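Quick look at upload.pdb (PDB, C-alpha atoms):
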ATOM      1  CA  MET A   1      19.699   8.894  13.516
ATOM      2  CA  SER A   2      19.696   9.085   9.782
ATOM      3  CA  ILE A   3      16.698   9.220   7.509
ATOM      4  CA  GLU A   4      16.899   7.337   4.194
ATOM      5  CA  ARG A   5      14.733   8.537   1.317
ATOM      6  CA  HIS A   6      14.291   6.412  -1.813
ATOM      7  CA  HIS A   7      12.840   7.472  -5.170
ATOM      8  CA  PRO A   8      12.216  11.131  -4.318
ATOM      9  CA  SER A   9      10.112  13.197  -6.697
ATOM     10  CA  ALA A  10       9.168  16.857  -6.665
ATOM     11  CA  ARG A  11       6.591  16.238  -3.934
ATOM     12  CA  ALA A  12       7.319  12.947  -2.113
ATOM     13  CA  SER A  13       9.575   9.934  -1.684
ATOM     14  CA  LYS A  14       8.250   6.423  -2.389
ATOM     15  CA  ILE A  15      10.105   5.030   0.643
ATOM     16  CA  VAL A  16      11.361   6.657   3.849
ATOM     17  CA  ILE A  17      13.278   4.580   6.406
ATOM     18  CA  HIS A  18      13.877   5.923   9.895
ATOM     19  CA  ASN A  19      14.695   4.242  13.187
ATOM     20  CA  GLY A  20      13.923   0.725  11.916
ATOM     21  CA  THR A  21      10.581   1.726  10.392
ATOM     22  CA  VAL A  22       9.674   1.793   6.697
ATOM     23  CA  TYR A  23       7.084   4.294   5.468
ATOM     24  CA  LEU A  24       5.681   3.859   1.963
ATOM     25  CA  SER A  25       3.888   6.576   0.065
ATOM     26  CA  GLY A  26       0.364   5.767  -1.063
ATOM     27  CA  GLN A  27       0.436   3.226  -3.871
ATOM     28  CA  VAL A  28      -2.053   3.296  -6.720
ATOM     29  CA  ALA A  29      -2.338   0.867  -9.608
ATOM     30  CA  ASN A  30      -0.267   1.305 -12.745
ATOM     31  CA  ASP A  31      -3.285   0.107 -14.731
ATOM     32  CA  VAL A  32      -6.104   2.393 -13.618
ATOM     33  CA  GLU A  33      -8.346   0.908 -16.304
ATOM     34  CA  ALA A  34      -8.504  -2.344 -14.284
ATOM     35  CA  ASP A  35     -11.436  -3.064 -11.958
ATOM     36  CA  ILE A  36     -11.136  -2.736  -8.169
ATOM     37  CA  GLN A  37      -9.656  -6.216  -7.824
ATOM     38  CA  GLY A  38      -7.068  -5.648 -10.533
ATOM     39  CA  GLN A  39      -6.115  -2.289  -9.069
ATOM     40  CA  THR A  40      -5.891  -3.723  -5.553
ATOM     41  CA  GLN A  41      -3.602  -6.541  -6.710
ATOM     42  CA  ASP A  42      -1.444  -4.070  -8.616
ATOM     43  CA  CYS A  43      -1.120  -1.882  -5.512
ATOM     44  CA  LEU A  44      -0.181  -4.856  -3.342
ATOM     45  CA  ASP A  45       2.420  -6.010  -5.876
ATOM     46  CA  LYS A  46       3.973  -2.541  -5.753
ATOM     47  CA  VAL A  47       3.874  -2.544  -1.933
ATOM     48  CA  GLU A  48       5.622  -5.919  -1.826
ATOM     49  CA  ALA A  49       8.374  -4.763  -4.213
ATOM     50  CA  LEU A  50       8.976  -1.532  -2.282
ATOM     51  CA  LEU A  51       9.097  -3.372   1.035
ATOM     52  CA  ALA A  52      11.677  -5.810  -0.358
ATOM     53  CA  GLU A  53      13.768  -2.883  -1.596
ATOM     54  CA  ALA A  54      13.584  -1.345   1.888
ATOM     55  CA  GLY A  55      14.664  -4.582   3.612
ATOM     56  CA  SER A  56      11.222  -5.539   4.842
ATOM     57  CA  SER A  57       8.337  -7.796   3.838
ATOM     58  CA  ARG A  58       4.593  -8.161   4.197
ATOM     59  CA  ASP A  59       5.133 -10.141   7.427
ATOM     60  CA  HIS A  60       6.661  -6.984   8.937
ATOM     61  CA  ILE A  61       3.815  -4.619   8.044
ATOM     62  CA  LEU A  62       2.634  -2.768  11.124
ATOM     63  CA  SER A  63      -0.163  -0.608   9.764
ATOM     64  CA  VAL A  64      -2.115  -0.218   6.521
ATOM     65  CA  THR A  65      -4.529   2.489   5.455
ATOM     66  CA  ILE A  66      -6.658   1.717   2.423
ATOM     67  CA  PHE A  67      -8.457   4.513   0.620
ATOM     68  CA  ILE A  68     -11.290   3.233  -1.550
ATOM     69  CA  LYS A  69     -13.259   5.310  -4.015
ATOM     70  CA  ASP A  70     -16.588   3.529  -3.491
ATOM     71  CA  MET A  71     -17.506   1.387  -0.476
ATOM     72  CA  ALA A  72     -19.727  -0.640  -2.796
ATOM     73  CA  ASN A  73     -16.399  -2.236  -3.856
ATOM     74  CA  PHE A  74     -15.294  -3.011  -0.282
ATOM     75  CA  ALA A  75     -16.063  -6.763  -0.472
ATOM     76  CA  ALA A  76     -14.366  -7.150  -3.867
ATOM     77  CA  MET A  77     -11.261  -5.320  -2.629
ATOM     78  CA  ASN A  78     -11.231  -7.468   0.533
ATOM     79  CA  GLU A  79     -11.191 -10.673  -1.541
ATOM     80  CA  ILE A  80      -7.805  -9.641  -2.940
ATOM     81  CA  TRP A  81      -6.551  -8.305   0.404
ATOM     82  CA  ASN A  82      -7.598 -11.454   2.286
ATOM     83  CA  ALA A  83      -5.798 -13.689  -0.222
ATOM     84  CA  TRP A  84      -2.676 -11.497  -0.001
ATOM     85  CA  VAL A  85      -2.447 -11.713   3.804
ATOM     86  CA  ALA A  86      -3.838 -15.262   4.148
ATOM     87  CA  ASP A  87      -0.568 -16.966   5.080
ATOM     88  CA  HIS A  88       1.125 -13.925   6.608
ATOM     89  CA  GLU A  89       1.129 -11.890   9.804
ATOM     90  CA  LYS A  90      -1.816  -9.488   9.908
ATOM     91  CA  PRO A  91      -1.190  -5.767  10.411
ATOM     92  CA  VAL A  92      -3.609  -3.265  11.878
ATOM     93  CA  ARG A  93      -5.735  -1.785   9.113
ATOM     94  CA  ALA A  94      -8.117   1.043   8.389
ATOM     95  CA  CYS A  95     -10.210   1.451   5.253
ATOM     96  CA  VAL A  96     -11.973   4.670   4.376
ATOM     97  CA  GLN A  97     -13.887   5.997   1.410
ATOM     98  CA  ALA A  98     -12.095   8.888  -0.267
ATOM     99  CA  HIS A  99     -12.163  11.149  -3.299
ATOM    100  CA  MET A 100      -9.216  10.129  -5.450
ATOM    101  CA  ALA A 101      -6.724  12.385  -7.204
ATOM    102  CA  ARG A 102      -7.870  11.009 -10.574
ATOM    103  CA  ALA A 103     -11.333   9.663 -11.408
ATOM    104  CA  ALA A 104     -10.006   6.306 -12.676
ATOM    105  CA  ILE A 105      -8.233   5.428  -9.403
ATOM    106  CA  GLU A 106     -10.306   2.967  -7.365
ATOM    107  CA  VAL A 107      -7.933   2.297  -4.448
ATOM    108  CA  GLU A 108      -4.790   3.644  -2.788
ATOM    109  CA  ILE A 109      -2.801   1.765  -0.140
ATOM    110  CA  CYS A 110      -0.433   3.314   2.446
ATOM    111  CA  VAL A 111       1.873   1.084   4.477
ATOM    112  CA  ILE A 112       4.121   1.376   7.541
ATOM    113  CA  ALA A 113       6.382  -1.602   8.269
ATOM    114  CA  ALA A 114       9.309  -2.635  10.427
ATOM    115  CA  VAL A 115      12.659  -3.327   8.814
ATOM    116  CA  ALA A 116      13.102  -7.113   8.723
TER     117      ALA A 116
END
Spell out the structure here as structure tokens.
Amino acid sequence: MSIERHHPSARASKIVIHNGTVYLSGQVANDVEADIQGQTQDCLDKVEALLAEAGSSRDHILSVTIFIKDMANFAAMNEIWNAWVADHEKPVRACVQAHMARAAIEVEICVIAAVA
């Protein structure tokens, strides 16, 4: 079985596809000056684009892990998440508070999905 790697960098690939499963690296917002809702939407937009490139979609997401800088922003982040999955199949999900790689990052989203 082959392993496909897309957009490799010195330390990671953005997409890995193996055995009908798509693994996305953690996605953070391009605009880290945005608030938690803006950053969450930006992350989800990036997730959607990467899934499409990999031959998948948000309806095929199996598992999501959300890392949030401050749980005080949990409800605000969930407003964006809930709207994003409202008319779609719901994956399993975990959300944990975490120290981020850069102080301005409010949220990071990791996704595993099936190939469509």
Compile the contact shell of A:Ile17 as a short mmCIF file (atom, residue, chain, number, x, y, z; two decimals) with C-alpha atoms, keeping the file's coordinate frame: residues with an atom at most 7 Å away, counting only C-alpha atoms, same-chain residues fewer than 2 positions apart removed.
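The resulting file, result_38.cif, is reproduced below:
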data_model
loop_
_atom_site.label_atom_id
_atom_site.label_comp_id
_atom_site.auth_asym_id
_atom_site.auth_seq_id
_atom_site.Cartn_x
_atom_site.Cartn_y
_atom_site.Cartn_z
CA ILE A 3 16.70 9.22 7.51
CA GLU A 4 16.90 7.34 4.19
CA ARG A 5 14.73 8.54 1.32
CA ILE A 15 10.10 5.03 0.64
CA ASN A 19 14.70 4.24 13.19
CA GLY A 20 13.92 0.72 11.92
CA THR A 21 10.58 1.73 10.39
CA VAL A 22 9.67 1.79 6.70
CA TYR A 23 7.08 4.29 5.47
#
Once the PyMOL selection byres ((chain A and resi 85-96) around 8) has been evaluated on this model, what residues remain selected, and can you format them as a ChimeraX atom specification?
/A:58-68,81-84,97-98
Quick one: 8 Å padding each side, axis-aligned, all listed atoms of stretch 17-29 of chain A - centre and edge lengths in Å to one decimal, as AutoDock Vina command-line options?
--center_x 6.2 --center_y 3.7 --center_z 1.8 --size_x 33.0 --size_y 21.9 --size_z 38.8
Under the PyMOL selection byres ((chain A and resi 49-55) around 7), which residues of this model are included? Write them out as a ChimeraX atom specification.
/A:22,45-48,56-57,115-116
The PyMOL selection byres ((chain A and resi 33) around 12) resolved against shown file, as a ChimeraX atom specification:
/A:28-32,34-40,42,102-107
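The interatomic distance for the pair atom CA of A:Asn78 and atom CA of A:Gln27 works out to 16.4 Å.
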Which of these residues is nearest to A:Lys14, using only C-alpha atoms: A:Asp70, A:Ala75, A:Ile112, A:Gly26?
A:Gly26
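Residue nearest A:Ile109, chosen from A:Val16, A:Leu44, A:Ile80, A:Ala10 and counting only C-alpha atoms: A:Leu44.
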Students should find that atom CA of A:Met100 and atom CA of A:Pro8 are spaced 21.5 Å
Counting only C-alpha atoms, the option among A:Glu108, A:Glu79, A:Ser25, A:Ala114 closest to A:Ala12:
A:Ser25
When you count only C-alpha atoms, which of these residues is closest to A:His18: A:Ala76, A:Ala113, A:Lys69, A:Gln41?
A:Ala113
